[in-house]
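Shown here: protein.csv, CSV, C-alpha atoms.
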```csv
chain,number,residue,atom,x,y,z
A,546,MET,CA,144.2,128.9,-181.2
A,547,SER,CA,145.2,129.4,-177.6
A,548,ALA,CA,147.0,126.7,-175.5
A,549,SER,CA,144.0,126.5,-173.1
A,550,THR,CA,141.7,125.9,-176.0
A,551,VAL,CA,143.9,123.1,-177.4
A,552,SER,CA,144.1,121.6,-173.9
A,553,ARG,CA,140.3,121.5,-173.6
A,554,GLN,CA,139.9,119.9,-177.0
A,555,ILE,CA,142.5,117.2,-176.2
A,556,ALA,CA,140.8,116.6,-172.8
A,557,ARG,CA,137.4,116.2,-174.4
A,558,ALA,CA,138.7,113.9,-177.1
A,559,THR,CA,140.4,111.8,-174.5
A,560,LEU,CA,137.2,111.5,-172.5
A,561,ARG,CA,135.5,109.9,-175.5
A,562,THR,CA,137.8,106.9,-175.5
A,563,THR,CA,138.3,106.5,-171.8
A,564,ALA,CA,134.9,107.3,-170.3
A,565,ARG,CA,133.6,103.7,-170.5
A,566,ASN,CA,136.3,102.4,-168.3
A,567,THR,CA,136.5,105.3,-165.8
A,568,PHE,CA,134.4,105.5,-162.7
A,569,ALA,CA,133.8,108.8,-160.8
A,570,THR,CA,135.5,109.0,-157.4
A,571,SER,CA,133.7,112.1,-156.3
A,572,SER,CA,130.6,114.0,-157.3
A,573,ARG,CA,130.8,117.3,-159.1
A,574,GLN,CA,128.9,120.1,-157.6
A,575,ALA,CA,126.2,121.1,-160.1
A,576,PHE,CA,126.1,124.7,-161.2
A,577,ARG,CA,122.9,126.3,-160.1
A,578,GLN,CA,121.4,129.3,-161.8
A,579,HIS,CA,118.1,130.8,-160.6
A,580,SER,CA,116.2,133.2,-162.8
A,581,ARG,CA,112.8,134.7,-163.2
A,582,ARG,CA,111.2,133.5,-166.4
A,583,PHE,CA,108.5,135.6,-168.1
A,584,TYR,CA,109.5,135.9,-171.7
A,585,SER,CA,112.7,134.6,-173.2
A,586,SER,CA,115.8,136.6,-173.3
A,587,GLU,CA,115.1,140.3,-174.0
A,588,PRO,CA,116.4,141.6,-177.3
A,589,THR,CA,119.8,143.3,-177.0
A,590,LYS,CA,119.2,147.0,-176.7
A,591,SER,CA,121.1,149.4,-179.0
A,592,SER,CA,121.8,153.1,-178.9
A,593,GLY,CA,122.7,155.8,-181.3
A,594,SER,CA,121.1,157.8,-184.1
A,595,ASN,CA,121.1,154.8,-186.6
A,596,THR,CA,118.6,152.1,-185.7
A,597,LEU,CA,118.4,148.6,-187.3
A,598,LEU,CA,115.3,146.6,-186.8
A,599,TYR,CA,114.6,143.1,-188.0
A,600,LEU,CA,111.0,142.6,-189.2
A,601,ALA,CA,110.1,138.9,-188.9
A,602,GLY,CA,106.9,137.4,-190.3
A,603,ALA,CA,105.5,136.0,-193.6
A,604,ALA,CA,107.9,138.3,-195.5
A,605,VAL,CA,110.9,136.2,-194.4
A,606,ALA,CA,109.7,132.9,-195.9
A,607,GLY,CA,112.6,131.1,-197.5
A,608,GLY,CA,115.2,132.9,-195.4
A,609,ALA,CA,115.1,136.4,-196.7
A,610,GLY,CA,115.5,139.1,-194.0
A,611,TYR,CA,113.8,142.5,-194.3
A,612,TYR,CA,115.4,145.4,-192.5
A,613,PHE,CA,114.1,148.8,-191.7
A,614,TYR,CA,116.6,151.5,-191.4
A,615,ALA,CA,115.8,154.8,-189.8
A,616,GLN,CA,118.1,157.8,-189.7
A,617,GLY,CA,116.8,161.2,-188.8
A,618,GLY,CA,113.6,161.7,-190.8
A,619,SER,CA,114.4,159.2,-193.6
A,620,ALA,CA,113.7,155.5,-193.7
A,621,GLY,CA,114.3,152.7,-196.1
A,622,THR,CA,113.8,149.0,-196.4
A,623,LYS,CA,116.5,146.5,-197.4
A,624,VAL,CA,116.1,142.8,-198.3
A,625,PHE,CA,118.9,140.5,-197.2
A,626,THR,CA,118.9,137.0,-198.5
A,627,PRO,CA,121.4,134.9,-196.5
A,628,THR,CA,123.7,132.4,-198.2
A,629,LYS,CA,125.2,129.2,-197.0
A,630,GLU,CA,128.3,131.2,-195.9
A,631,ASP,CA,126.1,133.4,-193.7
A,632,TYR,CA,124.7,130.3,-191.9
A,633,VAL,CA,128.3,129.0,-191.5
A,634,LYS,CA,129.2,132.2,-189.8
A,635,VAL,CA,126.3,131.7,-187.3
A,636,TYR,CA,127.5,128.2,-186.6
A,637,ASN,CA,131.1,129.2,-186.1
A,638,GLU,CA,130.0,132.0,-183.8
A,639,ILE,CA,128.1,129.6,-181.6
A,640,ALA,CA,131.0,127.1,-181.6
A,641,LYS,CA,133.3,130.0,-180.6
A,642,LEU,CA,131.1,130.9,-177.7
A,643,LEU,CA,130.9,127.3,-176.6
A,644,GLU,CA,134.7,127.2,-176.4
A,645,GLU,CA,135.0,130.5,-174.6
A,646,HIS,CA,132.3,129.9,-172.0
A,647,ASP,CA,133.3,126.6,-170.3
A,648,ASP,CA,132.1,127.5,-166.8
A,649,TYR,CA,128.6,126.1,-167.1
A,650,ASP,CA,127.6,122.8,-165.4
A,651,ASP,CA,130.2,120.2,-166.4
A,652,GLY,CA,132.2,122.6,-168.6
A,653,SER,CA,129.9,123.3,-171.6
A,654,TYR,CA,126.7,125.0,-172.6
A,655,GLY,CA,126.4,122.3,-175.3
A,656,PRO,CA,123.9,120.0,-173.5
A,657,VAL,CA,121.5,122.8,-172.6
A,658,LEU,CA,121.6,124.1,-176.2
A,659,LEU,CA,120.7,120.7,-177.5
A,660,ARG,CA,117.9,120.5,-174.9
A,661,LEU,CA,116.6,123.9,-176.2
A,662,ALA,CA,116.5,122.7,-179.8
A,663,TRP,CA,115.0,119.3,-178.7
A,664,HIS,CA,112.2,120.9,-176.7
A,665,ALA,CA,111.4,123.5,-179.3
A,666,SER,CA,111.0,120.7,-181.8
A,667,GLY,CA,109.4,118.1,-179.6
A,668,THR,CA,106.0,119.8,-179.3
A,669,TYR,CA,105.1,118.8,-182.8
A,670,ASP,CA,101.7,117.1,-183.4
A,671,LEU,CA,101.4,115.1,-186.6
A,672,ALA,CA,97.6,115.1,-186.6
A,673,THR,CA,97.1,118.8,-186.3
A,674,GLY,CA,100.4,120.0,-187.8
A,675,THR,CA,101.0,122.3,-184.8
A,676,GLY,CA,104.1,122.8,-182.8
A,677,GLY,CA,107.7,121.9,-183.8
A,678,SER,CA,110.7,124.1,-184.3
A,679,ASN,CA,109.0,126.4,-186.8
A,680,GLY,CA,108.0,129.3,-184.6
A,681,ALA,CA,110.3,129.5,-181.6
A,682,THR,CA,107.2,130.0,-179.4
A,683,MET,CA,109.1,129.1,-176.3
A,684,ARG,CA,110.0,132.8,-176.3
A,685,PHE,CA,106.6,133.5,-174.8
A,686,ALA,CA,105.4,132.8,-171.3
A,687,PRO,CA,102.6,130.3,-172.0
A,688,GLU,CA,105.2,127.8,-173.4
A,689,GLY,CA,108.4,129.1,-171.9
A,690,ASP,CA,106.9,128.5,-168.4
A,691,HIS,CA,106.0,124.9,-169.0
A,692,GLY,CA,107.7,122.7,-166.4
A,693,ALA,CA,109.6,120.7,-169.0
A,694,ASN,CA,111.3,123.9,-170.2
A,695,ALA,CA,112.6,124.9,-166.8
A,696,GLY,CA,116.2,126.2,-167.1
A,697,LEU,CA,116.1,126.7,-170.9
A,698,LYS,CA,116.3,130.5,-170.4
A,699,ASN,CA,120.1,129.8,-169.9
A,700,ALA,CA,120.3,128.5,-173.4
A,701,ARG,CA,118.1,131.3,-174.9
A,702,ASP,CA,120.2,133.9,-173.2
A,703,PHE,CA,123.4,132.3,-174.4
A,704,LEU,CA,122.3,132.7,-178.0
A,705,GLU,CA,121.1,136.3,-177.7
A,706,PRO,CA,124.6,137.8,-178.6
A,707,VAL,CA,124.5,135.6,-181.7
A,708,LYS,CA,121.1,136.9,-182.6
A,709,ALA,CA,122.3,140.5,-182.1
A,710,LYS,CA,125.3,139.9,-184.3
A,711,PHE,CA,123.2,138.2,-187.1
A,712,PRO,CA,119.8,139.9,-186.8
A,713,TRP,CA,118.6,138.4,-190.1
A,714,ILE,CA,118.3,134.9,-188.7
A,715,SER,CA,115.0,133.7,-187.1
A,716,TYR,CA,115.1,132.5,-183.6
A,717,SER,CA,113.7,129.2,-184.9
A,718,ASP,CA,116.7,128.6,-187.2
A,719,LEU,CA,119.1,129.9,-184.6
A,720,TRP,CA,118.0,127.5,-181.9
A,721,ILE,CA,118.3,124.6,-184.2
A,722,ILE,CA,121.8,125.6,-185.4
A,723,GLY,CA,122.6,125.8,-181.7
A,724,GLY,CA,121.5,122.2,-181.3
A,725,VAL,CA,123.5,121.1,-184.3
A,726,ALA,CA,126.6,122.9,-183.0
A,727,ALA,CA,126.2,121.4,-179.6
A,728,ILE,CA,126.1,117.8,-181.0
A,729,GLN,CA,129.0,118.3,-183.4
A,730,GLU,CA,131.3,120.3,-181.0
A,731,MET,CA,130.8,117.6,-178.4
A,732,GLN,CA,132.3,115.0,-180.7
A,733,GLY,CA,129.0,113.8,-182.1
A,734,PRO,CA,128.0,113.0,-185.7
A,735,ILE,CA,127.5,115.5,-188.5
A,736,ILE,CA,123.9,116.8,-188.5
A,737,PRO,CA,122.7,118.3,-191.8
A,738,PHE,CA,120.8,121.6,-191.6
A,739,ARG,CA,118.1,123.2,-193.8
A,740,PRO,CA,117.2,126.9,-193.1
A,741,GLY,CA,113.7,128.4,-193.6
A,742,ARG,CA,112.0,128.4,-190.2
A,743,GLN,CA,109.9,131.4,-189.4
A,744,ASP,CA,109.2,132.9,-186.0
A,745,ARG,CA,105.6,133.1,-184.8
A,746,ASP,CA,103.8,134.9,-182.0
A,747,ALA,CA,102.4,133.8,-178.7
A,748,ALA,CA,99.1,132.6,-180.3
A,749,ALA,CA,101.0,129.7,-181.7
A,750,CYS,CA,102.2,128.4,-178.3
A,751,THR,CA,101.5,124.8,-177.8
A,752,PRO,CA,99.7,123.4,-174.8
A,753,ASP,CA,101.6,121.9,-171.8
A,754,GLY,CA,102.1,118.1,-171.8
A,755,ARG,CA,103.5,117.5,-175.3
A,756,LEU,CA,107.0,116.8,-174.1
A,757,PRO,CA,108.0,113.5,-172.4
A,758,ASP,CA,107.5,113.1,-168.7
A,759,ALA,CA,110.7,111.5,-167.3
A,760,SER,CA,108.7,109.8,-164.4
A,761,GLN,CA,106.7,107.7,-166.8
A,762,GLY,CA,107.2,104.4,-168.5
A,763,GLN,CA,107.1,102.8,-172.0
A,764,ASP,CA,103.4,103.4,-172.7
A,765,HIS,CA,103.8,107.2,-172.1
A,766,LEU,CA,106.9,107.2,-174.3
A,767,ARG,CA,105.1,105.6,-177.2
A,768,ASN,CA,102.1,108.0,-176.8
A,769,ILE,CA,104.4,111.1,-176.9
A,770,PHE,CA,106.7,110.0,-179.7
A,771,TYR,CA,104.1,108.2,-181.9
A,772,ARG,CA,102.2,111.5,-181.8
A,773,MET,CA,105.2,113.1,-183.6
A,774,GLY,CA,105.5,110.3,-186.1
A,775,PHE,CA,108.4,108.3,-184.6
A,776,ASN,CA,108.7,104.5,-184.2
A,777,ASP,CA,110.3,102.4,-181.4
A,778,GLN,CA,113.8,102.4,-183.0
A,779,GLU,CA,113.7,106.2,-183.3
A,780,ILE,CA,112.6,106.6,-179.8
A,781,VAL,CA,115.6,104.6,-178.5
A,782,ALA,CA,118.0,106.4,-180.8
A,783,LEU,CA,116.8,109.8,-179.6
A,784,ALA,CA,117.2,108.7,-176.0
A,785,GLY,CA,120.9,108.5,-176.6
A,786,ALA,CA,121.1,112.3,-176.2
A,787,HIS,CA,121.0,111.5,-172.5
A,788,ALA,CA,124.7,110.7,-172.8
A,789,LEU,CA,125.0,114.5,-172.5
A,790,GLY,CA,124.2,116.9,-169.6
A,791,ARG,CA,122.7,116.3,-166.2
A,792,CYS,CA,119.4,116.9,-164.3
A,793,HIS,CA,119.0,119.7,-161.8
A,794,THR,CA,116.8,119.7,-158.7
A,795,ASP,CA,115.8,123.3,-159.3
A,796,ARG,CA,114.5,122.5,-162.8
A,797,SER,CA,113.2,118.9,-163.3
A,798,GLY,CA,113.6,118.0,-159.6
A,799,PHE,CA,115.9,115.1,-160.6
A,800,GLU,CA,119.6,115.3,-160.0
A,801,GLY,CA,122.8,114.1,-161.6
A,802,PRO,CA,124.4,113.0,-164.9
A,803,TRP,CA,123.6,109.9,-166.9
A,804,THR,CA,127.2,109.2,-167.9
A,805,PHE,CA,130.8,109.9,-166.8
A,806,SER,CA,131.5,112.1,-169.8
A,807,PRO,CA,128.4,114.5,-169.9
A,808,THR,CA,130.0,116.8,-172.5
A,809,VAL,CA,131.1,114.2,-175.0
A,810,LEU,CA,128.5,112.3,-177.1
A,811,THR,CA,129.1,108.5,-177.1
A,812,ASN,CA,126.9,105.4,-176.8
A,813,ASP,CA,127.8,105.2,-173.1
A,814,TYR,CA,124.2,105.9,-172.2
A,815,TYR,CA,123.2,102.5,-173.6
A,816,THR,CA,126.2,100.5,-172.2
A,817,LEU,CA,125.7,101.9,-168.7
A,818,LEU,CA,122.0,101.3,-168.9
A,819,LEU,CA,122.6,97.7,-169.7
A,820,ASN,CA,125.7,96.8,-167.7
A,821,GLU,CA,125.4,98.7,-164.5
A,822,LYS,CA,123.2,97.6,-161.6
A,823,TRP,CA,120.6,100.3,-161.0
A,824,GLN,CA,118.8,100.8,-157.7
A,825,TRP,CA,116.3,103.3,-156.4
A,826,ARG,CA,118.0,106.3,-154.9
A,827,LYS,CA,117.1,107.0,-151.3
A,828,TRP,CA,116.5,110.7,-151.0
A,829,ASN,CA,113.8,113.3,-150.7
A,830,GLY,CA,113.4,114.0,-154.4
A,831,PRO,CA,111.4,112.3,-157.1
A,832,LYS,CA,111.9,108.6,-157.9
A,833,GLN,CA,115.1,108.0,-159.8
A,834,TYR,CA,117.7,105.3,-160.1
A,835,GLU,CA,121.4,105.5,-159.1
A,836,ASP,CA,124.2,103.1,-160.1
A,837,ALA,CA,124.9,100.8,-157.2
A,838,LYS,CA,128.7,100.9,-157.7
A,839,THR,CA,129.5,104.6,-157.4
A,840,LYS,CA,126.1,106.2,-156.7
A,841,SER,CA,127.3,109.1,-158.9
A,842,LEU,CA,125.2,108.4,-162.0
A,843,MET,CA,121.4,108.4,-162.4
A,844,MET,CA,118.7,107.0,-164.7
A,845,LEU,CA,115.2,108.3,-164.8
A,846,PRO,CA,112.1,105.9,-164.8
A,847,ALA,CA,111.7,106.7,-168.6
A,848,ASP,CA,115.3,105.6,-169.2
A,849,TYR,CA,114.9,102.4,-167.3
A,850,ALA,CA,111.7,101.6,-169.2
A,851,LEU,CA,113.9,101.1,-172.3
A,852,ILE,CA,115.3,97.9,-170.9
A,853,GLN,CA,112.0,96.8,-169.4
A,854,ASP,CA,110.3,96.7,-172.8
A,855,LYS,CA,111.4,93.9,-175.1
A,856,ALA,CA,111.1,96.0,-178.3
A,857,PHE,CA,113.0,99.0,-176.9
A,858,LYS,CA,115.6,96.8,-175.3
A,859,SER,CA,116.6,95.2,-178.5
A,860,TRP,CA,117.7,98.6,-179.9
A,861,VAL,CA,119.4,99.5,-176.6
A,862,GLU,CA,121.5,96.4,-177.1
A,863,LYS,CA,122.3,97.2,-180.7
A,864,TYR,CA,123.5,100.7,-179.9
A,865,ALA,CA,125.5,99.6,-176.8
A,866,LYS,CA,127.5,97.3,-179.1
A,867,ASP,CA,128.0,99.7,-182.0
A,868,ASN,CA,128.7,103.4,-181.5
A,869,GLY,CA,128.9,103.8,-185.3
A,870,LEU,CA,125.3,102.5,-185.7
A,871,PHE,CA,124.1,104.8,-182.9
A,872,PHE,CA,125.7,107.8,-184.6
A,873,LYS,CA,124.2,107.0,-187.9
A,874,ASP,CA,120.7,106.4,-186.5
A,875,PHE,CA,120.9,109.4,-184.1
A,876,ALA,CA,122.0,111.8,-186.9
A,877,ALA,CA,119.0,110.6,-188.9
A,878,VAL,CA,116.4,110.9,-186.2
A,879,ILE,CA,117.6,114.2,-184.7
A,880,THR,CA,117.5,115.7,-188.1
A,881,LYS,CA,113.9,114.4,-188.5
A,882,LEU,CA,113.0,115.9,-185.1
A,883,PHE,CA,114.5,119.3,-185.9
A,884,GLU,CA,112.5,119.4,-189.2
A,885,LEU,CA,109.1,118.3,-188.0
A,886,GLY,CA,106.4,120.7,-189.3
A,887,VAL,CA,108.8,123.0,-191.1
A,888,PRO,CA,107.5,124.2,-194.5
A,889,PHE,CA,110.7,124.1,-196.4
A,890,LYS,CA,110.8,125.3,-200.0
A,891,GLN,CA,111.6,122.5,-202.5
A,892,ASP,CA,114.9,124.0,-203.5
A,893,THR,CA,116.1,124.6,-199.9
A,894,GLU,CA,119.8,123.8,-199.7
A,895,THR,CA,121.1,121.3,-197.1
A,896,ILE,CA,124.0,122.8,-195.3
A,897,ILE,CA,126.8,120.7,-193.7
A,898,PHE,CA,128.7,122.6,-191.0
A,899,LYS,CA,132.3,121.6,-190.3
A,900,PRO,CA,133.0,121.1,-186.6
A,901,THR,CA,135.5,123.7,-185.4
A,902,ASN,CA,137.4,121.1,-183.3
A,903,ALA,CA,137.7,118.6,-186.2
```

Could you quickly redo this structure as structure tokens?
Amino acid sequence: MSASTVSRQIARATLRTTARNTFATSSRQAFRQHSRRFYSSEPTKSSGSNTLLYLAGAAVAGGAGYYFYAQGGSAGTKVFTPTKEDYVKVYNEIAKLLEEHDDYDDGSYGPVLLRLAWHASGTYDLATGTGGSNGATMRFAPEGDHGANAGLKNARDFLEPVKAKFPWISYSDLWIIGGVAAIQEMQGPIIPFRPGRQDRDAAACTPDGRLPDASQGQDHLRNIFYRMGFNDQEIVALAGAHALGRCHTDRSGFEGPWTFSPTVLTNDYYTLLLNEKWQWRKWNGPKQYEDAKTKSLMMLPADYALIQDKAFKSWVEKYAKDNGLFFKDFAAVITKLFELGVPFKQDTETIIFKPTNA
């Protein structure tokens, strides 16, 4: 492990214990990346006389990968059944890339990887059984171009080298492992993973409007999350993911981070939401709150709704007081989110990935 890698890990661990008492003295310039979005990242092109193609579809149920080899005039089919160790290699590759590419936003692709996994899963509809992480339909323009998914091409492109290295894995499982790695490598709780998601085509794309609208209040939040099968406690626990990352004007229209340590998962989102004085930001963008003390943090209307509603606020208070409780409940609810609508086999093994920075 290089000295620079060790230094980054020490810095991130230090942030976790000091962020609550540290105020920003200057704003960090957000990294902006503009891109044209049609389909998701194009598959990595290969050259040479030997060609390896991954055939996804019903044949890969349960995690088996079917490969078609073509060499000259001969061809053959090979079945590859991944083991726990194969999925661990995928996780470790993502963790390695997260450590190597620390020039994105506040120093990590972690938050945008978590957002990709979240948005791929958050389209689930309990009544119809449609949507969810099983399918990775954000690869296609009807869904990939939804406003709520703006900027997620960055995350999909980040994972393309991993897909090229491990072509047997579905995009659906890959995106979720990316979310798990993001949480764990940013000092969050352990998130169990079960493989078996299958990729689907554009016909399975979900309609726009299934993801939360940050400009709305508590009624909207309940409508969105009750549709997926969540309750009030779970809604508040999921919101704790806003401890990570930031908003961008060229994506959601909003701007800024929620916390002072946007690449380390803590319960700071709740403590700041409760303890800081929030005021409307005076600017030309959409309505959002800023902290009155430093004007360097922001909260969205949907965030502020959590302390305006009595039932929601009681859970905000619990998580603000107890980071351990937040981690326990967050791990449970994010696992539930990632698994909504996935037709796992009864004997599917649960895999626990070990954080590489542990």

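Counting only C-alpha atoms, the residue from A:Ala782, A:Ser806, A:Thr751, A:Ser859 that sits nearest to Gly652 in chain A is A:Ser806.
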
What's around Ala759 in chain A at 10 Å? Count all atoms listed in the file, leave out sequence neighbours fewer than 6 positions away in its own chain, and write the answer as a list in words.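 After dropping sequence-adjacent residues, the list is Ala693, His765, Leu766, Ser797, Phe799, Lys832, Gln833, Met844, Leu845, Pro846, Ala847 and Asp848 of chain A.
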
If we count all atoms listed in the file and set the cut-off at 6 Å, which residues sit around range 662-677 of chain A, ignoring sequence neighbours fewer than 3 positions away in its own chain? Please answer as number ranges by chain. A: 659, 720-721, 724, 751, 755, 772-773, 883, 885-886

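Distance-wise, CA of Phe738 in chain A and CA of Glu894 in chain A end up 8.5 Å apart.
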
Suppose you want the space between CA of Ala903 in chain A and CA of Tyr632 in chain A; what is it in Å? 18.4 Å

Just to confirm, what's the straight-line distance from CA of Leu851 in chain A to CA of Ala788 in chain A in Å (one decimal)?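 Calculated distance between CA of Leu851 in chain A and CA of Ala788 in chain A is 14.5 Å.
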
Could you pull the residues within 12 Å of Asn768 in chain A, counting all atoms listed in the file, minus those fewer than 2 positions along the same chain, as a list in words? Asp670, Gly754, Arg755, Leu756, Pro757, Asp758, Gln761, Gly762, Gln763, Asp764, His765, Leu766, Phe770, Tyr771, Arg772, Met773, Gly774, Phe775, Asn776, Asp777 and Ile780 of chain A

Excluding same-chain residues fewer than 2 positions from Ser653 in chain A, what lies within 12 Å of it counting all atoms listed in the file, as a CSV table (one decimal) with C-alpha atoms, in the coordinates of the input?
```
chain,number,residue,atom,x,y,z
A,553,ARG,CA,140.3,121.5,-173.6
A,554,GLN,CA,139.9,119.9,-177.0
A,557,ARG,CA,137.4,116.2,-174.4
A,576,PHE,CA,126.1,124.7,-161.2
A,639,ILE,CA,128.1,129.6,-181.6
A,640,ALA,CA,131.0,127.1,-181.6
A,641,LYS,CA,133.3,130.0,-180.6
A,642,LEU,CA,131.1,130.9,-177.7
A,643,LEU,CA,130.9,127.3,-176.6
A,644,GLU,CA,134.7,127.2,-176.4
A,645,GLU,CA,135.0,130.5,-174.6
A,646,HIS,CA,132.3,129.9,-172.0
A,647,ASP,CA,133.3,126.6,-170.3
A,648,ASP,CA,132.1,127.5,-166.8
A,649,TYR,CA,128.6,126.1,-167.1
A,650,ASP,CA,127.6,122.8,-165.4
A,651,ASP,CA,130.2,120.2,-166.4
A,655,GLY,CA,126.4,122.3,-175.3
A,656,PRO,CA,123.9,120.0,-173.5
A,657,VAL,CA,121.5,122.8,-172.6
A,658,LEU,CA,121.6,124.1,-176.2
A,659,LEU,CA,120.7,120.7,-177.5
A,699,ASN,CA,120.1,129.8,-169.9
A,700,ALA,CA,120.3,128.5,-173.4
A,703,PHE,CA,123.4,132.3,-174.4
A,726,ALA,CA,126.6,122.9,-183.0
A,727,ALA,CA,126.2,121.4,-179.6
A,728,ILE,CA,126.1,117.8,-181.0
A,730,GLU,CA,131.3,120.3,-181.0
A,731,MET,CA,130.8,117.6,-178.4
A,789,LEU,CA,125.0,114.5,-172.5
A,790,GLY,CA,124.2,116.9,-169.6
A,791,ARG,CA,122.7,116.3,-166.2
A,806,SER,CA,131.5,112.1,-169.8
A,807,PRO,CA,128.4,114.5,-169.9
A,808,THR,CA,130.0,116.8,-172.5
A,809,VAL,CA,131.1,114.2,-175.0
```

Rank nothing, just name the residue among A:Leu810, A:Asp702, A:Leu783, A:Leu819 nearest to Gln732 in chain A, using all atoms listed in the file.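 Comparing A:Leu810, A:Asp702, A:Leu783, A:Leu819 against Gln732 in chain A, the winner is A:Leu810.
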
Name all residues at most 9 Å from Arg796 in chain A (count only C-alpha atoms; drop same-chain ones fewer than 4 positions away) and give them as number ranges by chain. A: 692-696, 792

Given all atoms listed in the file as the basis, pick out the residue of A:Tyr814, A:Arg660, A:Ile735, A:Leu882 nearest to Leu697 in chain A. A:Arg660

So which one's closest to Ile736 in chain A, A:Glu779, A:Asp836, A:Asp813, A:Glu884? Using all atoms listed in the file, please.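 Going through A:Glu779, A:Asp836, A:Asp813, A:Glu884 one by one, the smallest distance to Ile736 in chain A is for A:Glu884.
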
Neighbour residues at most 10 Å from (102.5, 138.1, -176.8) (all atoms listed in the file) as a VMD selection string: chain A and resid 584 682 684 to 687 745 to 750

With distances taken over all atoms listed in the file, which of A:Ala876, A:Ile897, A:Met683, A:Val781 is nearest to Lys858 in chain A?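 Of the candidates, the smallest distance to Lys858 in chain A is held by A:Val781.
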